[in-house]
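Participant: Structure supplied as data-v7.txt; contents: compact mmCIF, C-alpha atoms.
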# COMPACT_ATOMS: atom_id res chain seq x y z
CA ALA A 1 -27.47 138.28 70.48
CA HIS A 2 -30.92 139.86 70.87
CA ILE A 3 -32.55 137.11 68.80
CA MET A 4 -30.81 134.50 70.94
CA GLY A 5 -32.33 136.07 74.07
CA CYS A 6 -29.35 137.98 75.45
CA LYS A 7 -30.70 140.87 77.51
CA ASP A 8 -27.43 142.58 78.48
CA PRO A 9 -24.74 144.22 76.29
CA LEU A 10 -22.40 141.53 75.00
CA MET A 11 -20.01 142.76 72.32
CA TRP A 12 -17.78 144.76 74.67
CA ARG A 13 -16.92 141.53 76.53
CA LEU A 14 -15.22 140.24 73.38
CA VAL A 15 -12.69 143.08 73.22
CA PRO A 16 -10.04 141.38 75.44
CA ALA A 17 -10.13 138.31 73.19
CA LEU A 18 -9.83 140.57 70.14
CA VAL A 19 -6.83 142.38 71.63
CA GLN A 20 -5.16 139.08 72.50
CA ALA A 21 -5.65 137.73 68.98
CA MET A 22 -4.88 140.90 66.99
CA GLY A 23 -2.81 142.98 69.43
CA GLN A 24 0.57 142.10 67.92
CA ALA A 25 -0.51 143.10 64.42
CA PHE A 26 -2.39 146.17 65.63
CA PRO A 27 -0.74 147.49 68.83
CA GLU A 28 -3.12 150.46 68.90
CA LEU A 29 -5.86 148.04 69.98
CA ALA A 30 -4.10 147.37 73.28
CA ARG A 31 -3.49 151.07 73.89
CA ALA A 32 -7.11 151.99 73.21
CA GLU A 33 -8.68 148.93 74.86
CA PRO A 34 -10.44 150.84 77.71
CA LEU A 35 -11.87 153.37 75.25
CA ILE A 36 -13.04 150.63 72.86
CA VAL A 37 -14.69 148.70 75.69
CA GLU A 38 -16.53 151.75 77.03
CA THR A 39 -17.61 152.93 73.55
CA LEU A 40 -18.94 149.51 72.58
CA ARG A 41 -20.77 149.12 75.87
CA LEU A 42 -22.45 152.53 75.59
CA GLU A 43 -23.34 152.11 71.92
CA GLU A 44 -24.79 148.64 72.46
CA THR A 45 -26.77 149.85 75.48
CA ARG A 46 -28.26 152.77 73.51
CA PHE A 47 -28.99 150.54 70.52
CA LYS A 48 -30.77 148.01 72.75
CA GLN A 49 -32.85 150.81 74.33
CA MET A 50 -33.88 152.03 70.88
CA LEU A 51 -34.58 148.47 69.67
CA ASP A 52 -36.69 147.59 72.72
CA ARG A 53 -38.70 150.78 72.37
CA GLY A 54 -39.18 150.19 68.64
CA LEU A 55 -40.37 146.63 69.22
CA ARG A 56 -42.84 147.80 71.86
CA LEU A 57 -44.21 150.43 69.51
CA LEU A 58 -44.40 147.88 66.68
CA ALA A 59 -46.25 145.38 68.85
CA GLU A 60 -48.68 148.05 70.04
CA GLU A 61 -49.26 149.35 66.52
CA THR A 62 -49.78 145.80 65.22
CA ARG A 63 -52.40 145.08 67.89
CA GLU A 64 -54.20 148.34 67.14
CA SER A 65 -54.08 147.68 63.40
CA TYR A 66 -55.55 144.17 63.78
CA GLN A 67 -58.16 145.54 66.17
CA ARG A 68 -59.33 148.06 63.56
CA SER A 69 -59.59 145.37 60.90
CA CYS A 70 -61.45 143.02 63.24
CA ASN A 71 -63.85 145.83 64.17
CA HIS A 72 -64.79 146.14 60.49
CA PHE A 73 -65.39 142.38 60.40
CA ILE A 74 -67.59 142.56 63.51
CA GLU A 75 -69.64 145.45 62.11
CA TRP A 76 -70.19 143.51 58.89
CA ALA A 77 -71.19 140.39 60.83
CA LYS A 78 -73.77 142.40 62.78
CA GLN A 79 -75.26 143.81 59.58
CA GLU A 80 -75.41 140.38 57.93
CA ASN A 81 -76.65 138.67 61.11
CA VAL A 82 -73.68 136.30 61.16
CA GLN A 83 -73.70 134.78 64.63
CA THR A 84 -70.62 132.54 64.53
CA VAL A 85 -67.63 132.07 62.24
CA ARG A 86 -68.94 128.60 61.35
CA GLU A 87 -71.61 130.34 59.30
CA LEU A 88 -68.99 131.85 56.98
CA THR A 89 -69.10 130.72 53.37
CA THR A 90 -67.21 131.76 50.26
CA GLU A 91 -70.22 133.84 49.20
CA ARG A 92 -70.29 135.65 52.54
CA LEU A 93 -66.56 136.29 52.36
CA ALA A 94 -67.15 137.91 48.97
CA ASP A 95 -69.79 140.14 50.61
CA LEU A 96 -67.31 140.96 53.38
CA ARG A 97 -64.76 141.96 50.75
CA LEU A 98 -67.25 144.41 49.22
CA TYR A 99 -68.08 145.76 52.68
CA ILE A 100 -64.40 146.45 53.36
CA ALA A 101 -64.27 148.43 50.12
CA SER A 102 -67.26 150.52 51.22
CA VAL A 103 -65.86 151.56 54.61
CA PRO A 104 -65.49 155.37 54.41
CA LEU A 105 -62.29 157.26 54.97
CA LEU A 106 -61.78 158.93 58.34
CA LYS A 107 -60.41 162.46 58.33
CA ARG A 108 -59.36 164.83 61.05
CA ARG A 109 -62.28 167.09 61.93
CA LEU A 110 -61.52 170.67 60.96
CA GLY A 111 -61.75 172.90 63.99
CA GLY A 112 -62.29 169.88 66.23
CA LYS A 113 -60.33 168.70 69.22
CA ARG A 114 -56.96 167.10 68.87
CA GLY A 115 -57.30 163.59 67.47
CA GLU A 116 -61.02 164.04 66.71
CA MET A 117 -61.98 162.30 63.47
CA GLU A 118 -65.02 162.30 61.19
CA GLN A 119 -66.20 160.20 58.23
CA SER A 120 -65.80 161.59 54.73
CA THR A 121 -67.43 160.69 51.46
CA GLU A 122 -64.09 159.61 49.97
CA PRO A 123 -63.19 155.92 49.76
CA ARG A 124 -60.15 154.59 51.53
CA ALA A 125 -57.00 153.79 49.60
CA LYS A 126 -56.83 150.32 48.03
CA ARG A 127 -53.70 149.68 50.05
CA THR A 128 -55.63 150.24 53.29
CA GLN A 129 -58.49 148.01 52.12
CA ASN A 130 -56.03 145.24 51.21
CA LYS A 131 -54.39 145.55 54.61
CA ASP A 132 -57.77 144.95 56.27
CA LEU A 133 -58.43 141.95 54.02
CA ALA A 134 -55.01 140.45 54.78
CA GLN A 135 -55.35 140.89 58.53
CA ILE A 136 -58.88 139.49 58.62
CA GLY A 137 -57.62 136.58 56.53
CA THR A 138 -54.82 135.95 59.04
CA VAL A 139 -57.33 135.86 61.90
CA LEU A 140 -59.68 133.53 60.01
CA ASN A 141 -56.83 131.17 59.09
CA ASN A 142 -55.85 131.06 62.74
CA LEU A 143 -59.41 130.12 63.64
CA ARG A 144 -59.41 127.54 60.82
CA SER A 145 -56.29 125.87 62.29
CA ARG A 146 -58.22 125.54 65.55
CA LYS A 147 -61.13 123.83 63.73
CA TYR A 148 -63.55 126.75 64.28
CA ILE A 149 -64.11 127.34 60.55
CA ARG A 150 -65.12 124.82 57.90
CA LEU A 151 -63.53 126.82 55.08
CA SER A 152 -60.13 125.92 53.65
CA SER A 153 -57.22 128.32 53.42
CA ASP A 154 -57.83 128.54 49.65
CA ASP A 155 -61.46 129.50 50.29
CA ILE A 156 -60.34 132.28 52.61
CA SER A 157 -57.70 133.50 50.15
CA ASP A 158 -60.17 133.48 47.24
CA GLY A 159 -62.98 135.12 49.23
CA LEU A 160 -60.72 137.89 50.55
CA LYS A 161 -58.77 138.41 47.37
CA PRO A 162 -56.93 141.78 47.46
CA PHE A 163 -58.05 144.59 45.20
CA ASP A 164 -55.88 145.72 42.33
CA ALA A 165 -53.81 148.59 43.70
CA PRO A 166 -51.46 150.01 41.08
CA VAL A 167 -48.48 151.64 42.71
CA LYS A 168 -48.09 155.25 41.67
CA LYS A 169 -44.54 156.48 41.44
CA LYS A 170 -44.12 159.43 43.75
CA PRO A 171 -42.35 162.37 42.14
CA PHE A 172 -39.24 163.60 43.92
CA LEU A 173 -37.84 167.07 43.45
CA PRO A 174 -34.36 167.01 41.91
CA PRO A 175 -31.60 169.06 43.60
CA LYS A 176 -32.03 171.98 41.20
CA LYS A 177 -35.73 172.32 41.99
CA LEU A 178 -35.07 171.99 45.72
CA ALA A 179 -32.51 174.78 45.43
CA ALA A 180 -35.08 176.87 43.55
CA VAL A 181 -37.62 176.28 46.35
CA MET A 182 -35.07 177.37 48.97
CA LEU A 183 -34.17 180.48 46.95
CA ALA A 184 -37.85 181.38 46.55
CA CYS A 185 -38.30 181.07 50.34
CA VAL A 186 -35.30 183.32 50.97
CA LYS A 187 -36.61 185.94 48.53
CA HIS A 188 -40.07 185.75 50.07
CA ASP A 189 -38.73 186.14 53.62
CA CYS A 190 -36.49 189.07 52.63
CA ALA A 191 -39.31 190.84 50.80
CA ARG A 192 -41.68 190.29 53.71
CA PHE A 193 -39.11 191.63 56.17
CA GLN A 194 -38.54 194.77 54.09
CA TRP A 195 -42.31 195.31 53.74
CA THR A 196 -42.89 194.92 57.50
CA ARG A 197 -40.00 197.27 58.22
CA ALA A 198 -41.36 199.86 55.79
CA GLN A 199 -44.85 199.61 57.29
CA ASN A 200 -43.54 200.12 60.81
CA LYS A 201 -41.40 203.04 59.69
CA ALA A 202 -44.36 204.71 57.98
CA GLY A 203 -46.60 204.05 60.97
CA ARG A 204 -44.48 206.20 63.25
CA LYS A 205 -45.61 209.33 61.39
CA ALA A 206 -49.28 208.63 62.14
CA PRO A 207 -50.91 207.02 65.19
CA TYR A 208 -48.39 204.20 65.71
CA ARG A 209 -49.68 200.71 64.91
CA PRO A 210 -46.70 198.35 64.69
CA GLN A 211 -46.95 195.36 62.36
CA PRO A 212 -46.74 191.95 64.03
CA ARG A 213 -43.40 190.22 63.82
CA TYR A 214 -43.20 188.13 60.67
CA GLN A 215 -42.31 184.45 61.04
CA PRO A 216 -39.93 183.37 58.25
CA LEU A 217 -41.01 180.65 55.84
CA LEU A 218 -37.62 179.05 55.13
CA PRO A 219 -37.22 177.17 58.48
CA VAL A 220 -40.68 175.63 58.10
CA VAL A 221 -39.99 174.43 54.55
CA LEU A 222 -36.59 173.05 55.58
CA PHE A 223 -38.17 171.15 58.46
CA LEU A 224 -40.80 169.62 56.16
CA LEU A 225 -38.20 168.57 53.59
CA LEU A 226 -35.76 167.10 56.13
CA SER A 227 -38.35 165.30 58.25
CA GLY A 228 -40.72 164.15 55.51
CA MET A 229 -43.72 165.22 57.60
CA ARG A 230 -46.97 166.47 56.20
CA LEU A 231 -47.74 170.09 57.00
CA GLU A 232 -50.70 169.20 59.24
CA GLU A 233 -48.42 166.82 61.18
CA ALA A 234 -45.61 169.33 61.57
CA LEU A 235 -47.99 171.97 62.92
CA LEU A 236 -48.98 169.62 65.76
CA VAL A 237 -45.47 168.53 66.79
CA GLU A 238 -44.60 169.38 70.39
CA TRP A 239 -41.30 169.31 72.29
CA ASP A 240 -42.45 166.19 74.14
CA HIS A 241 -42.39 164.32 70.81
CA ILE A 242 -38.66 164.98 70.36
CA ASP A 243 -36.24 162.60 72.07
CA GLU A 244 -32.73 164.01 71.65
CA GLU A 245 -31.17 161.18 73.67
CA LEU A 246 -32.46 158.50 71.30
CA ASP A 247 -32.11 160.80 68.27
CA HIS A 248 -35.62 160.67 66.90
CA ILE A 249 -39.01 162.39 66.68
CA SER A 250 -41.91 160.17 67.70
CA LEU A 251 -45.23 161.11 66.10
CA PRO A 252 -48.25 159.82 68.08
CA PRO A 253 -51.16 158.33 66.12
CA GLU A 254 -53.52 161.21 66.89
CA ILE A 255 -51.52 163.61 64.68
CA THR A 256 -50.56 161.31 61.79
CA LYS A 257 -52.73 160.94 58.71
CA ASN A 258 -53.00 157.14 58.91
CA GLY A 259 -53.43 157.03 62.69
CA HIS A 260 -50.23 155.01 63.25
CA PHE A 261 -47.10 155.70 65.28
CA ARG A 262 -44.18 156.96 63.21
CA ASP A 263 -40.58 157.56 64.22
CA ILE A 264 -38.30 159.97 62.34
CA THR A 265 -34.67 159.33 63.19
CA PHE A 266 -32.04 162.05 63.22
CA ARG A 267 -29.57 159.59 61.71
CA VAL A 268 -31.39 159.85 58.40
CA THR A 269 -31.42 163.66 58.48
CA PRO A 270 -28.65 164.87 60.85
CA MET A 271 -29.43 168.51 60.06
CA LEU A 272 -32.59 168.21 62.19
CA ARG A 273 -30.34 168.33 65.26
CA ARG A 274 -29.68 171.99 64.49
Would you write out, as structure tokens, the structure that this file holds?
Facilitator:
Amino acid sequence: AHIMGCKDPLMWRLVPALVQAMGQAFPELARAEPLIVETLRLEETRFKQMLDRGLRLLAEETRESYQRSCNHFIEWAKQENVQTVRELTTERLADLRLYIASVPLLKRRLGGKRGEMEQSTEPRAKRTQNKDLAQIGTVLNNLRSRKYIRLSSDDISDGLKPFDAPVKKKPFLPPKKLAAVMLACVKHDCARFQWTRAQNKAGRKAPYRPQPRYQPLLPVVLFLLLSGMRLEEALLVEWDHIDEELDHISLPPEITKNGHFRDITFRVTPMLRR
């Protein structure tokens, strides 16, 4: 219905027809018709709200992503004194490809303001480089279809050929190792609690200097495992990022590693509700 352009909830309007067709075989449908109608209407409304918000975020993230790639293209064009896209040749596209590979990685500045980034000496991941090449290629092909570029689509594809990026299999902890991690956290928290308690008890005999309250480690580790966040992301999460009504945590680009929006839904990890 959404693809066809329907803006209002629709499925609940079909319940009377369903009851008329199936009511004799399933009499409970007629008895529960008001409840079914209201449940469908509410669920479809909430789903549409979540879908609309997700599409807006996707469109915004796509624009920002293409803007970053185009900025790299513009910087290269300035360095190479390329005035118009009509001056592009296969040789220059090959130079552009090498330039994309040389763009340094941006990292969050340690001790800096929130969202403040700095260049590092490390290269960017091949996946990120290939994303830039693909998006620049999409823009150039669009310009080619409008007769602004003399190059063919094959020329653009060959000149901006993606780099080899072998996919590394990410190791996942099996249940036994996860249980061992949880047990180690529990033992650590218990030992730390006993130590703090002993220190405070001993301190009362001398000039009293109470130990600061110890924050347990287990809840932090559980949150990281259930949400899939990186530690530096989790430390910057605020209550404003949590939308309990739509059942998700929305991470803004200034706290994520790749600078993109990311949503973490509670439906994947229901225990986060607790």
Participant: Counting only C-alpha atoms, which residue out of A:Leu105, A:Ala94, A:Leu225, A:Cys190 sits closest to Ser157 (chain A)?
Facilitator: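 Ranking A:Leu105, A:Ala94, A:Leu225, A:Cys190 by distance to Ser157 (chain A), first place goes to A:Ala94.
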Participant: What separation in Å, quoted to one decimal, exists between CA of Leu29 (chain A) and CA of Glu44 (chain A)?
Facilitator: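 So the two atoms, CA of Leu29 (chain A) and CA of Glu44 (chain A), lie 19.1 Å apart.
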Participant: Check the smallest atom-to-atom distance from each of A:Met229, A:Leu173, A:Leu110, A:Val85 to Asn141 (chain A) using only C-alpha atoms, then report the winner.
Facilitator: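 Smallest separation from Asn141 (chain A) among the options: A:Val85.
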Participant: Env of Pro219 (chain A): 10 Å cut, atoms = only C-alpha atoms, seq-sep filter 4 positions within chain, self excluded. Answer as a PyMOL selection string.
Facilitator: chain A and resi 182+185-186+215+223-225
Participant: When distances are computed from all atoms listed in the file, which of A:Leu140, A:Lys48, A:Lys177, A:Ile36 shows the smallest separation from Thr84 (chain A)?
Facilitator: A:Leu140
Participant: Could you list as a PDB file with C-alpha atoms, in the coordinates of the input every residue that has an atom within 12 Å of (-31.7, 155.5, 71.5), using the file's coordinates and counting all atoms listed in the file?
Facilitator:
ATOM      1  CA  LEU A  42     -22.450 152.530  75.590  1.00  0.00           C
ATOM      2  CA  GLU A  43     -23.340 152.110  71.920  1.00  0.00           C
ATOM      3  CA  GLU A  44     -24.790 148.640  72.460  1.00  0.00           C
ATOM      4  CA  THR A  45     -26.770 149.850  75.480  1.00  0.00           C
ATOM      5  CA  ARG A  46     -28.260 152.770  73.510  1.00  0.00           C
ATOM      6  CA  PHE A  47     -28.990 150.540  70.520  1.00  0.00           C
ATOM      7  CA  LYS A  48     -30.770 148.010  72.750  1.00  0.00           C
ATOM      8  CA  GLN A  49     -32.850 150.810  74.330  1.00  0.00           C
ATOM      9  CA  MET A  50     -33.880 152.030  70.880  1.00  0.00           C
ATOM     10  CA  LEU A  51     -34.580 148.470  69.670  1.00  0.00           C
ATOM     11  CA  ASP A  52     -36.690 147.590  72.720  1.00  0.00           C
ATOM     12  CA  ARG A  53     -38.700 150.780  72.370  1.00  0.00           C
ATOM     13  CA  GLY A  54     -39.180 150.190  68.640  1.00  0.00           C
ATOM     14  CA  ILE A 242     -38.660 164.980  70.360  1.00  0.00           C
ATOM     15  CA  ASP A 243     -36.240 162.600  72.070  1.00  0.00           C
ATOM     16  CA  GLU A 244     -32.730 164.010  71.650  1.00  0.00           C
ATOM     17  CA  GLU A 245     -31.170 161.180  73.670  1.00  0.00           C
ATOM     18  CA  LEU A 246     -32.460 158.500  71.300  1.00  0.00           C
ATOM     19  CA  ASP A 247     -32.110 160.800  68.270  1.00  0.00           C
ATOM     20  CA  HIS A 248     -35.620 160.670  66.900  1.00  0.00           C
ATOM     21  CA  ILE A 249     -39.010 162.390  66.680  1.00  0.00           C
ATOM     22  CA  SER A 250     -41.910 160.170  67.700  1.00  0.00           C
ATOM     23  CA  ASP A 263     -40.580 157.560  64.220  1.00  0.00           C
ATOM     24  CA  THR A 265     -34.670 159.330  63.190  1.00  0.00           C
ATOM     25  CA  PHE A 266     -32.040 162.050  63.220  1.00  0.00           C
ATOM     26  CA  ARG A 267     -29.570 159.590  61.710  1.00  0.00           C
TER      27      ARG A 267
END
Participant: Within 12 Å of (-7.1, 149.0, 69.1), in the coordinates the file gives, what residues turn up when you count only C-alpha atoms, written out as a list in words?
Facilitator: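 With a cut-off of 12 Å, the residues come to Val15, Pro16, Ala17, Leu18, Val19, Gln20, Ala21, Met22, Gly23, Gln24, Ala25, Phe26, Pro27, Glu28, Leu29, Ala30, Arg31, Ala32, Glu33, Pro34, Leu35, Ile36 and Val37 of chain A.
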Participant: For CA of Val220 (chain A) and CA of Ala234 (chain A), quote the distance in Å rounded to one decimal.
Facilitator: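 Here the two named atoms are 8.7 Å from each other.
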Participant: Looking at only C-alpha atoms, which of A:Val221, A:Phe261, A:Ile74, A:Gln119 is the one that sits closest to Leu55 (chain A)?
Facilitator: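 Counting only C-alpha atoms, the residue closest to Leu55 (chain A) is A:Phe261.
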Participant: Which distance in Å separates CA of Arg68 (chain A) and CA of Asp240 (chain A), to one decimal?
Facilitator: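 Result for CA of Arg68 (chain A) versus CA of Asp240 (chain A): 26.9 Å, one decimal.
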Participant: Tell me which of A:Asp158, A:Glu64, A:Glu75, A:Glu91 sits closest to Ala134 (chain A), counting only C-alpha atoms.
Facilitator: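 Once distances to Ala134 (chain A) are computed over only C-alpha atoms, the minimum belongs to A:Asp158.
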Participant: Can you tell me which residues surround Leu151 (chain A) at a distance of at most 9 Å, considering all atoms listed in the file, apart from same-chain residues fewer than 6 positions away, and format the answer as a list in words?
Facilitator: Arg86, Leu88, Thr89, Thr90, Asn141 and Arg144 of chain A
Participant: Write a file of the selected residues as a compact mmCIF listing (two decimals), keeping the file's coordinate frame, keeping C-alpha atoms.
Facilitator:
# COMPACT_ATOMS: atom_id res chain seq x y z
CA ARG A 86 -68.94 128.60 61.35
CA LEU A 88 -68.99 131.85 56.98
CA THR A 89 -69.10 130.72 53.37
CA THR A 90 -67.21 131.76 50.26
CA ASN A 141 -56.83 131.17 59.09
CA ARG A 144 -59.41 127.54 60.82
